[in-house]
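Here is the structure we will look at.
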Amino acid sequence: MLLSLAIATAVSACSSPDSSKDASKDAARAATTSNGEPAVATLTLDESSLPPVNRFQISDLDKSKDACADFGSYVNGTWLAANPIPGDRTSWGAFEMLSERSTAAQRQLAEQAAADKNATGVEAIVGNFWATGMDEQTINAQGIKPIQSRLDAIAALDDQQKIADYLRTSAAKGENFLFGFGAEADFKASDMNIAYAAQGGLGLPDKIYYVDADKADKLAAYQDHVAKVLELSGIDAAQAAEQARQVVAFETRLAKASKSSEEMSRDVSLFYNPMSPAEADKLTPNFPWTTFFESQGVATPKMFSLAIPAFHEEVSKMLADVPAEQWQAYLRFHTVDGASPYLSDAFVQENFNFYSKAMRGQAEMKERGKRVLDTIENEAGEALGQLYVKVAFPAESKAQMERLVGNLSDALKVHLEGLDWMSDETKAKAMEKWASFTPKIGFPDKWRDWSGLKTSRDSYIENVMAANEFNYKWNLSKVGKPVDKTEWGMSPQTVNAYYNPLANEIVFPAAILQPPFFDPEATDEMNYGGIGAVIGHEMIHGYDDQGSRFGPTGNFENWWTDADTKGFQGRTDKLIAQFNGYEAMPGKHVNGKLTLGENIADLGGLAVAYDAMKKATAGKDDPMTDGMTRDQRFFANWATVWRRNFTDDELKVRLATDPHAPANFRAIGAPSNMPQFAAAFECKPGQPMVRAKDQQVVIW
């Protein structure tokens, strides 16, 4: 999605019963009707074969560590030492274990869908993707042939007009090389969709990779990768090396006109720059937007958002002054590079060698089945989701989650009403926003219609390209129409959750509703320390430094008094300083500004979850499970959620681009600001997990 998940804030980078309790489940299959609904047949899920979930256990505690000195190591040190990162991963922890479990369930469903050659609807889509993706022999035999016509078209681009035309025609197929384009709610009228154009065009994760001296090694490795991909596409080695230099120079120019991850994450207004197409044409005379809208099959609107206008101005200039040969090299590389995961082995291997191994430190490639499931998730995730929820999400989990959400909402209301730093005027608006939160749990009430997507058993990459075009056109069909608030931005099988400020909604896919987050049979403190804190986290995103810029209806508006804004920033500045002080690896610290929104959500979410837990257990005896108090176990499960190992290279990428702090700091960051934590573990002033009064952060 172009914008919704860029603006929306997720918990992670953050249900089936436990396998020991139920060996298998049968459920009705999804309809094979023309609109993609399930068909009457039987899907099965053998839960006994799924990977285990990751629960907190008393044996995890490293008693040689002091909970008041390093709570993360106290709870997770033993587990982390015993659970190295698998070769096909760059990180490993609670989220990844649930992801493996979800993937294993998806594989069973994809195999069953593929076995039915007469399937229609969503089962046919999933089955065709699986069958063609797993047919390594045919993929290797086809080689680069499936995209040869695109390369031939690029080779014929010998002037500015032809290049601009090609950019438009390729975008209409869902292959936009230079910028993101799609529908999203209007910031100022969030019940209607408008078109947004955003920056793009870079092969590396962020603009800083092109300009920062400490990332020069990655830039050099990228240039080598570009040359290798061009060689694989049929370019002579010497010529490929020269073209690679030109591609990197091209992207460096784009990077200098782009905004960084930090800038984009901490100023959501950068996404919104409304203007008429005629006004935009004046900024980009060599790439007129009136013509672009026509080429995409979208009625030219009165207004759209041209985000980061300086970026688009630079693209227009590059159409005039960059030689056609350099454009050809750039477009050829990105065409082949984007297709590489779905082509023959040599392309797949080179793609892995750079993006996974060189950039992130992944030792081994994922086996083919996992890669194919990743593709299905990217191209038709909600289609597979229809099958997933039939067998992997019991109704009782949704009912219990609804009660938890209600309890967290009640606790948040008390927090908001009790704020002593906020004026009554602003507080009234905060309460209005609280009253309008919309929770979504498990899976959509209305499934997306997939009937227009045509797939086959002939070609894996042709299925991918068909889905790209279908998804793009589906998205563009929403421009100028009312927002469909039944839509989801994540599939049910995703181990994550998110808040969307444009709809003021909190969303919890089915796959995250498992331990250590949620367990229908767990004690209260474990669920409140897990999914309860996640629920609180997503609610608090409505009041973080960017979510608080949207009002109760989802419109972008200022509902704060000047004095309250100043008071809020004073508190968030202290949280920035706290996380700036965490050294993630020698010489590299967490970026407190980049991660601010997530840190605000963790801090408020954990505090709200704690209060909700105390209310839910009021009058009940403390069970003192395994010798730990209820409060201790609440905080221990919070830390369990954030147990995670990273490769060094993965950690470096995250420090540069991820708005989430590394997991070990999330385990300790919020609790260290809470007197309830210090009381639970009898911590003393001056210990690392007890922040001094002048440094203690309390916001929501």
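How things are named: the first chain in the structure tokens is A, the next is B, and so on; residues count from 1 in each chain; ligands count from 1 in the order shown.
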Would you mind listing what lies within 9 Å of Glu487 in chain A as a VMD selection string, with only C-alpha atoms counted and same-chain residues fewer than 3 positions away left out? chain A and resid 444 to 448 483 to 484
Take the residues from that selection and write them out as a PDB file, in the first residue's frame, keeping all heavy atoms.
```
ATOM      1  N   PRO A 444     -11.473  -9.440   8.423  1.00  0.00           N
ATOM      2  CA  PRO A 444     -12.489  -8.480   7.974  1.00  0.00           C
ATOM      3  C   PRO A 444     -13.899  -9.049   8.046  1.00  0.00           C
ATOM      4  O   PRO A 444     -14.125 -10.240   7.837  1.00  0.00           O
ATOM      5  CB  PRO A 444     -12.098  -8.206   6.516  1.00  0.00           C
ATOM      6  CG  PRO A 444     -10.666  -8.622   6.396  1.00  0.00           C
ATOM      7  CD  PRO A 444     -10.486  -9.752   7.360  1.00  0.00           C
ATOM      8  N   ASP A 445     -14.852  -8.177   8.302  1.00  0.00           N
ATOM      9  CA  ASP A 445     -16.255  -8.569   8.245  1.00  0.00           C
ATOM     10  C   ASP A 445     -16.699  -8.765   6.797  1.00  0.00           C
ATOM     11  O   ASP A 445     -17.609  -9.537   6.518  1.00  0.00           O
ATOM     12  CB  ASP A 445     -17.137  -7.496   8.901  1.00  0.00           C
ATOM     13  CG  ASP A 445     -16.923  -7.419  10.405  1.00  0.00           C
ATOM     14  OD1 ASP A 445     -16.605  -8.457  11.021  1.00  0.00           O
ATOM     15  OD2 ASP A 445     -17.056  -6.317  10.964  1.00  0.00           O
ATOM     16  N   LYS A 446     -16.060  -8.033   5.889  1.00  0.00           N
ATOM     17  CA  LYS A 446     -16.357  -8.156   4.464  1.00  0.00           C
ATOM     18  C   LYS A 446     -15.054  -8.426   3.714  1.00  0.00           C
ATOM     19  O   LYS A 446     -14.114  -7.650   3.802  1.00  0.00           O
ATOM     20  CB  LYS A 446     -17.001  -6.868   3.930  1.00  0.00           C
ATOM     21  CG  LYS A 446     -17.413  -6.944   2.462  1.00  0.00           C
ATOM     22  CD  LYS A 446     -18.026  -5.624   1.979  1.00  0.00           C
ATOM     23  CE  LYS A 446     -16.983  -4.582   1.701  1.00  0.00           C
ATOM     24  NZ  LYS A 446     -17.538  -3.336   1.122  1.00  0.00           N
ATOM     25  N   TRP A 447     -15.014  -9.537   2.991  1.00  0.00           N
ATOM     26  CA  TRP A 447     -13.799  -9.897   2.271  1.00  0.00           C
ATOM     27  C   TRP A 447     -13.698  -9.120   0.958  1.00  0.00           C
ATOM     28  O   TRP A 447     -14.701  -8.799   0.323  1.00  0.00           O
ATOM     29  CB  TRP A 447     -13.758 -11.391   1.967  1.00  0.00           C
ATOM     30  CG  TRP A 447     -13.634 -12.257   3.177  1.00  0.00           C
ATOM     31  CD1 TRP A 447     -14.603 -13.040   3.735  1.00  0.00           C
ATOM     32  CD2 TRP A 447     -12.469 -12.443   3.982  1.00  0.00           C
ATOM     33  NE1 TRP A 447     -14.120 -13.695   4.833  1.00  0.00           N
ATOM     34  CE2 TRP A 447     -12.804 -13.354   5.016  1.00  0.00           C
ATOM     35  CE3 TRP A 447     -11.170 -11.931   3.944  1.00  0.00           C
ATOM     36  CZ2 TRP A 447     -11.889 -13.762   5.988  1.00  0.00           C
ATOM     37  CZ3 TRP A 447     -10.259 -12.336   4.910  1.00  0.00           C
ATOM     38  CH2 TRP A 447     -10.629 -13.237   5.912  1.00  0.00           C
ATOM     39  N   ARG A 448     -12.471  -8.872   0.565  1.00  0.00           N
ATOM     40  CA  ARG A 448     -12.213  -8.222  -0.711  1.00  0.00           C
ATOM     41  C   ARG A 448     -12.630  -9.134  -1.870  1.00  0.00           C
ATOM     42  O   ARG A 448     -12.505 -10.350  -1.791  1.00  0.00           O
ATOM     43  CB  ARG A 448     -10.726  -7.886  -0.797  1.00  0.00           C
ATOM     44  CG  ARG A 448     -10.318  -7.229  -2.094  1.00  0.00           C
ATOM     45  CD  ARG A 448      -8.828  -6.953  -2.109  1.00  0.00           C
ATOM     46  NE  ARG A 448      -8.371  -6.692  -3.465  1.00  0.00           N
ATOM     47  CZ  ARG A 448      -7.096  -6.540  -3.809  1.00  0.00           C
ATOM     48  NH1 ARG A 448      -6.157  -6.626  -2.882  1.00  0.00           N
ATOM     49  NH2 ARG A 448      -6.769  -6.318  -5.062  1.00  0.00           N
ATOM     50  N   VAL A 483     -14.395   6.325   1.402  1.00  0.00           N
ATOM     51  CA  VAL A 483     -13.529   5.329   2.032  1.00  0.00           C
ATOM     52  C   VAL A 483     -14.376   4.142   2.491  1.00  0.00           C
ATOM     53  O   VAL A 483     -15.433   4.320   3.111  1.00  0.00           O
ATOM     54  CB  VAL A 483     -12.786   5.942   3.233  1.00  0.00           C
ATOM     55  CG1 VAL A 483     -12.060   4.868   4.035  1.00  0.00           C
ATOM     56  CG2 VAL A 483     -11.809   7.009   2.757  1.00  0.00           C
ATOM     57  N   ASP A 484     -13.911   2.944   2.163  1.00  0.00           N
ATOM     58  CA  ASP A 484     -14.557   1.722   2.647  1.00  0.00           C
ATOM     59  C   ASP A 484     -13.906   1.359   3.979  1.00  0.00           C
ATOM     60  O   ASP A 484     -12.793   0.825   4.017  1.00  0.00           O
ATOM     61  CB  ASP A 484     -14.372   0.594   1.629  1.00  0.00           C
ATOM     62  CG  ASP A 484     -15.061  -0.699   2.058  1.00  0.00           C
ATOM     63  OD1 ASP A 484     -15.570  -0.755   3.199  1.00  0.00           O
ATOM     64  OD2 ASP A 484     -15.066  -1.656   1.256  1.00  0.00           O
TER      65      ASP A 484
END
```
Which neighbours of range 322-324 of chain A fall inside 12 Å, counting only C-alpha atoms, when residues of the same chain fewer than 6 positions from it are skipped, and could you give them as a PyMOL selection string? chain A and resi 154-164+243+246-247+249-251+253-254+314-316+330-332
Would you write out those residues with N, CA, C and O atoms, as a CSV table (one decimal), in the first residue's frame?
```
chain,number,residue,atom,x,y,z
A,154,ILE,N,12.5,-1.3,-23.3
A,154,ILE,CA,13.4,-0.3,-22.7
A,154,ILE,C,14.5,0.0,-23.6
A,154,ILE,O,15.0,1.2,-23.7
A,155,ALA,N,15.0,-1.0,-24.3
A,155,ALA,CA,16.1,-0.7,-25.3
A,155,ALA,C,15.8,0.2,-26.4
A,155,ALA,O,16.7,0.8,-27.0
A,156,ALA,N,14.5,0.4,-26.6
A,156,ALA,CA,14.0,1.3,-27.7
A,156,ALA,C,13.8,2.8,-27.2
A,156,ALA,O,13.4,3.6,-28.0
A,157,LEU,N,14.0,3.0,-25.9
A,157,LEU,CA,13.7,4.4,-25.4
A,157,LEU,C,14.9,5.3,-25.7
A,157,LEU,O,15.8,5.4,-24.9
A,158,ASP,N,14.8,6.0,-26.8
A,158,ASP,CA,16.0,6.8,-27.2
A,158,ASP,C,15.7,8.3,-27.1
A,158,ASP,O,16.5,9.1,-27.6
A,159,ASP,N,14.6,8.7,-26.5
A,159,ASP,CA,14.4,10.2,-26.3
A,159,ASP,C,13.5,10.4,-25.1
A,159,ASP,O,12.9,9.5,-24.5
A,160,GLN,N,13.4,11.7,-24.7
A,160,GLN,CA,12.7,12.0,-23.5
A,160,GLN,C,11.2,11.6,-23.5
A,160,GLN,O,10.7,11.1,-22.6
A,161,GLN,N,10.6,11.9,-24.7
A,161,GLN,CA,9.1,11.6,-24.8
A,161,GLN,C,8.9,10.1,-24.6
A,161,GLN,O,7.9,9.7,-24.0
A,162,LYS,N,9.7,9.3,-25.3
A,162,LYS,CA,9.5,7.8,-25.2
A,162,LYS,C,9.7,7.3,-23.7
A,162,LYS,O,9.0,6.4,-23.3
A,163,ILE,N,10.7,7.9,-23.1
A,163,ILE,CA,10.9,7.5,-21.7
A,163,ILE,C,9.7,7.9,-20.8
A,163,ILE,O,9.2,7.1,-20.0
A,164,ALA,N,9.2,9.1,-20.9
A,164,ALA,CA,8.1,9.5,-20.1
A,164,ALA,C,6.8,8.6,-20.4
A,164,ALA,O,6.1,8.2,-19.5
A,243,GLN,N,27.4,0.7,-16.7
A,243,GLN,CA,25.9,1.0,-16.5
A,243,GLN,C,25.6,1.0,-15.0
A,243,GLN,O,24.8,1.8,-14.6
A,246,GLN,N,26.4,4.3,-13.6
A,246,GLN,CA,25.4,5.2,-14.0
A,246,GLN,C,24.1,5.1,-13.2
A,246,GLN,O,23.5,6.1,-12.9
A,247,VAL,N,23.7,3.9,-12.9
A,247,VAL,CA,22.5,3.6,-12.1
A,247,VAL,C,22.7,4.2,-10.7
A,247,VAL,O,21.8,4.9,-10.2
A,249,ALA,N,24.7,6.6,-9.8
A,249,ALA,CA,24.7,8.1,-9.9
A,249,ALA,C,23.3,8.6,-10.1
A,249,ALA,O,22.9,9.6,-9.5
A,250,PHE,N,22.5,7.9,-10.9
A,250,PHE,CA,21.1,8.3,-11.1
A,250,PHE,C,20.3,8.3,-9.7
A,250,PHE,O,19.6,9.2,-9.4
A,251,GLU,N,20.5,7.2,-9.0
A,251,GLU,CA,19.8,7.1,-7.7
A,251,GLU,C,20.3,8.0,-6.7
A,251,GLU,O,19.5,8.5,-5.8
A,253,ARG,N,21.3,11.0,-7.2
A,253,ARG,CA,20.6,12.3,-7.5
A,253,ARG,C,19.2,12.3,-6.9
A,253,ARG,O,18.7,13.3,-6.4
A,254,LEU,N,18.5,11.2,-7.1
A,254,LEU,CA,17.1,11.0,-6.6
A,254,LEU,C,17.2,11.1,-5.0
A,254,LEU,O,16.3,11.8,-4.4
A,314,GLU,N,12.7,17.2,-9.4
A,314,GLU,CA,13.9,16.7,-9.8
A,314,GLU,C,13.8,15.6,-10.8
A,314,GLU,O,14.5,15.5,-11.8
A,315,VAL,N,12.7,14.8,-10.7
A,315,VAL,CA,12.5,13.7,-11.7
A,315,VAL,C,12.2,14.4,-13.1
A,315,VAL,O,12.7,14.0,-14.1
A,316,SER,N,11.4,15.5,-13.0
A,316,SER,CA,11.1,16.2,-14.3
A,316,SER,C,12.4,16.7,-14.9
A,316,SER,O,12.6,16.6,-16.1
A,330,TYR,N,19.0,2.4,-15.8
A,330,TYR,CA,18.2,2.4,-14.6
A,330,TYR,C,17.0,1.5,-14.7
A,330,TYR,O,16.7,0.7,-13.9
A,331,LEU,N,16.2,1.7,-15.8
A,331,LEU,CA,15.0,1.0,-16.0
A,331,LEU,C,15.2,-0.5,-16.2
A,331,LEU,O,14.5,-1.4,-15.7
A,332,ARG,N,16.3,-0.9,-17.0
A,332,ARG,CA,16.6,-2.3,-17.2
A,332,ARG,C,17.0,-3.0,-15.9
A,332,ARG,O,16.5,-4.0,-15.6
```
Length of the CA of Thr625 in chain A to CA of Thr523 in chain A vector [Å]: 9.6 Å
With only C-alpha atoms as the counted atoms, please give the residues lying no more than 10 Å from Leu603 in chain A, apart from itself and same-chain residues fewer than 2 positions off, as a list in words. Ala533, Gly536, His537, Ile540, Leu575, Glu598, Asn599, Ile600, Ala601, Gly605, Leu606, Ala607, Val608, Arg666, Gly669, Ala670, Pro671, Ser672, Asn673, Met674, Val697, Val698, Ile699 and Trp700 of chain A
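Ranking A:Ala411, A:Val641, A:Met97, A:Val126 by their shortest atom-to-atom distance to Val53 in chain A, with only C-alpha atoms included, puts A:Met97 first.
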Just to confirm, what's the straight-line distance from CA of Leu419 in chain A to CA of Leu596 in chain A in Å (one decimal)?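 The value is 20.3 Å.
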For the atom pair CA of Thr103 in chain A and CA of Tyr342 in chain A, what is the interatomic distance in Å to one decimal place? 19.0 Å
Within 10 Å of Lys593 in chain A using only C-alpha atoms, minus same-chain residues under 6 positions, as a PyMOL selection string: chain A and resi 262-263+265-266+572-573+575-577+579-580+599+659
Write out as a PyMOL selection string the residues lying within 9 Å of range 75-86 of chain A, counting only C-alpha atoms and excluding same-chain residues fewer than 4 positions away. chain A and resi 56+58-63+65+67+70-71+90-93+362-364+636-637+639-640+642-647+664
Using only C-alpha atoms, determine which residues lie at most 12 Å from Phe181 in chain A, disregarding the query and same-chain residues fewer than 3 positions distant; provide the list as a CSV table (one decimal) with C-alpha atoms, in the first residue's frame.
```csv
chain,number,residue,atom,x,y,z
A,1,MET,CA,0.0,0.0,0.0
A,2,LEU,CA,1.2,3.4,-0.8
A,3,LEU,CA,0.2,5.3,2.2
A,4,SER,CA,-2.1,3.6,4.7
A,168,ARG,CA,3.3,6.0,-17.7
A,171,ALA,CA,3.0,2.4,-14.0
A,172,ALA,CA,-0.4,1.4,-15.4
A,174,GLY,CA,1.5,-1.7,-11.4
A,175,GLU,CA,5.3,-1.3,-12.1
A,176,ASN,CA,6.1,2.3,-11.0
A,177,PHE,CA,9.8,2.7,-10.9
A,178,LEU,CA,10.1,6.2,-9.6
A,184,GLU,CA,-5.8,7.0,0.4
A,194,ILE,CA,-7.9,11.0,-3.2
A,195,ALA,CA,-4.8,10.2,-5.2
A,196,TYR,CA,-1.4,10.6,-3.6
A,197,ALA,CA,2.0,10.6,-5.3
A,198,ALA,CA,5.1,10.0,-3.1
A,199,GLN,CA,8.8,9.7,-3.5
A,200,GLY,CA,10.5,6.5,-4.5
A,271,PHE,CA,2.6,13.1,2.8
A,289,TRP,CA,0.2,14.9,-14.2
A,292,PHE,CA,-0.4,10.7,-16.1
A,293,PHE,CA,-3.9,10.5,-14.7
A,296,GLN,CA,-3.7,5.3,-15.5
A,298,VAL,CA,-8.3,7.6,-13.6
A,304,PHE,CA,-4.5,15.3,-5.4
A,305,SER,CA,-1.5,15.2,-3.1
A,306,LEU,CA,1.9,15.7,-4.7
A,307,ALA,CA,4.0,14.7,-1.6
A,472,TYR,CA,-2.8,-1.4,-8.6
A,473,LYS,CA,-6.0,-1.0,-10.6
A,475,ASN,CA,-6.4,0.6,-5.5
A,476,LEU,CA,-6.8,3.3,-8.2
A,479,VAL,CA,-9.9,7.5,-6.1
```
In range 312-532 of chain A, what's strand (DSSP E) per DSSP? Answer as a list in words?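 Of range 312-532 of chain A, the ones in strand (DSSP E) are Thr438, Pro439, Lys440, Ile441, Gly442, Tyr498, Tyr499, Asn500, Glu505, Ile506, Val507, Phe508 and Pro509 of chain A.
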Residues within 10 Å of Ile125 in chain A, only C-alpha atoms, excluding chain neighbours under 5 positions, as a ChimeraX atom specification: /A:36,110,113-114,119-120,130,376,380,383-384,450-451,453-457,463,467
If you keep N, CA and C atoms, can you produce a file of those selected residues as a CSV table (one decimal), in the first residue's frame?
```csv
chain,number,residue,atom,x,y,z
A,36,GLY,N,-15.2,-14.6,-5.4
A,36,GLY,CA,-14.1,-15.0,-4.6
A,36,GLY,C,-14.4,-15.6,-3.2
A,110,ALA,N,-2.2,-23.9,1.4
A,110,ALA,CA,-1.8,-23.7,0.0
A,110,ALA,C,-1.6,-25.0,-0.8
A,113,ALA,N,-5.1,-26.3,-1.5
A,113,ALA,CA,-5.7,-25.5,-2.6
A,113,ALA,C,-5.1,-25.9,-4.0
A,114,ALA,N,-3.7,-26.1,-4.0
A,114,ALA,CA,-3.1,-26.5,-5.3
A,114,ALA,C,-3.5,-27.9,-5.7
A,119,ALA,N,-10.4,-26.0,-8.7
A,119,ALA,CA,-10.8,-24.9,-7.8
A,119,ALA,C,-11.1,-23.6,-8.5
A,120,THR,N,-11.9,-22.8,-7.9
A,120,THR,CA,-12.1,-21.4,-8.5
A,120,THR,C,-12.0,-20.5,-7.3
A,130,TRP,N,0.8,-21.2,-5.6
A,130,TRP,CA,1.6,-22.2,-5.0
A,130,TRP,C,2.2,-23.2,-6.1
A,376,ILE,N,2.7,-15.0,-2.0
A,376,ILE,CA,1.2,-15.0,-1.9
A,376,ILE,C,0.8,-14.0,-0.9
A,380,ALA,N,-1.6,-11.6,-2.8
A,380,ALA,CA,-3.0,-12.0,-2.6
A,380,ALA,C,-3.2,-12.5,-1.1
A,383,ALA,N,-6.7,-13.1,0.1
A,383,ALA,CA,-7.3,-14.3,-0.5
A,383,ALA,C,-6.9,-15.6,0.4
A,384,LEU,N,-5.6,-15.7,0.7
A,384,LEU,CA,-5.2,-16.8,1.5
A,384,LEU,C,-5.8,-16.6,2.9
A,450,TRP,N,-12.0,-10.8,-5.3
A,450,TRP,CA,-10.8,-11.2,-6.1
A,450,TRP,C,-11.2,-11.7,-7.4
A,451,SER,N,-12.5,-11.5,-7.8
A,451,SER,CA,-12.9,-12.2,-9.0
A,451,SER,C,-12.3,-11.7,-10.3
A,453,LEU,N,-9.0,-11.1,-10.7
A,453,LEU,CA,-7.6,-11.5,-10.9
A,453,LEU,C,-7.6,-12.9,-11.6
A,454,LYS,N,-6.9,-12.9,-12.7
A,454,LYS,CA,-6.8,-14.1,-13.5
A,454,LYS,C,-5.4,-14.7,-13.3
A,455,THR,N,-5.3,-15.9,-12.8
A,455,THR,CA,-4.1,-16.6,-12.6
A,455,THR,C,-4.2,-18.0,-13.3
A,456,SER,N,-3.0,-18.6,-13.5
A,456,SER,CA,-3.0,-19.9,-14.2
A,456,SER,C,-1.9,-20.8,-13.6
A,457,ARG,N,-1.8,-22.0,-14.2
A,457,ARG,CA,-0.7,-22.9,-13.8
A,457,ARG,C,0.4,-22.8,-14.8
A,463,ASN,N,1.8,-14.8,-13.0
A,463,ASN,CA,0.9,-14.7,-12.0
A,463,ASN,C,1.2,-13.5,-11.1
A,467,ALA,N,-1.1,-10.1,-10.7
A,467,ALA,CA,-1.6,-9.6,-9.4
A,467,ALA,C,-1.1,-8.2,-9.2
```
Considering only C-alpha atoms, can you say which of A:Leu50, A:Met628, A:Leu270, A:Val11 comes closest to Phe508 in chain A?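 Of all the options, A:Val11 lies closest to Phe508 in chain A.
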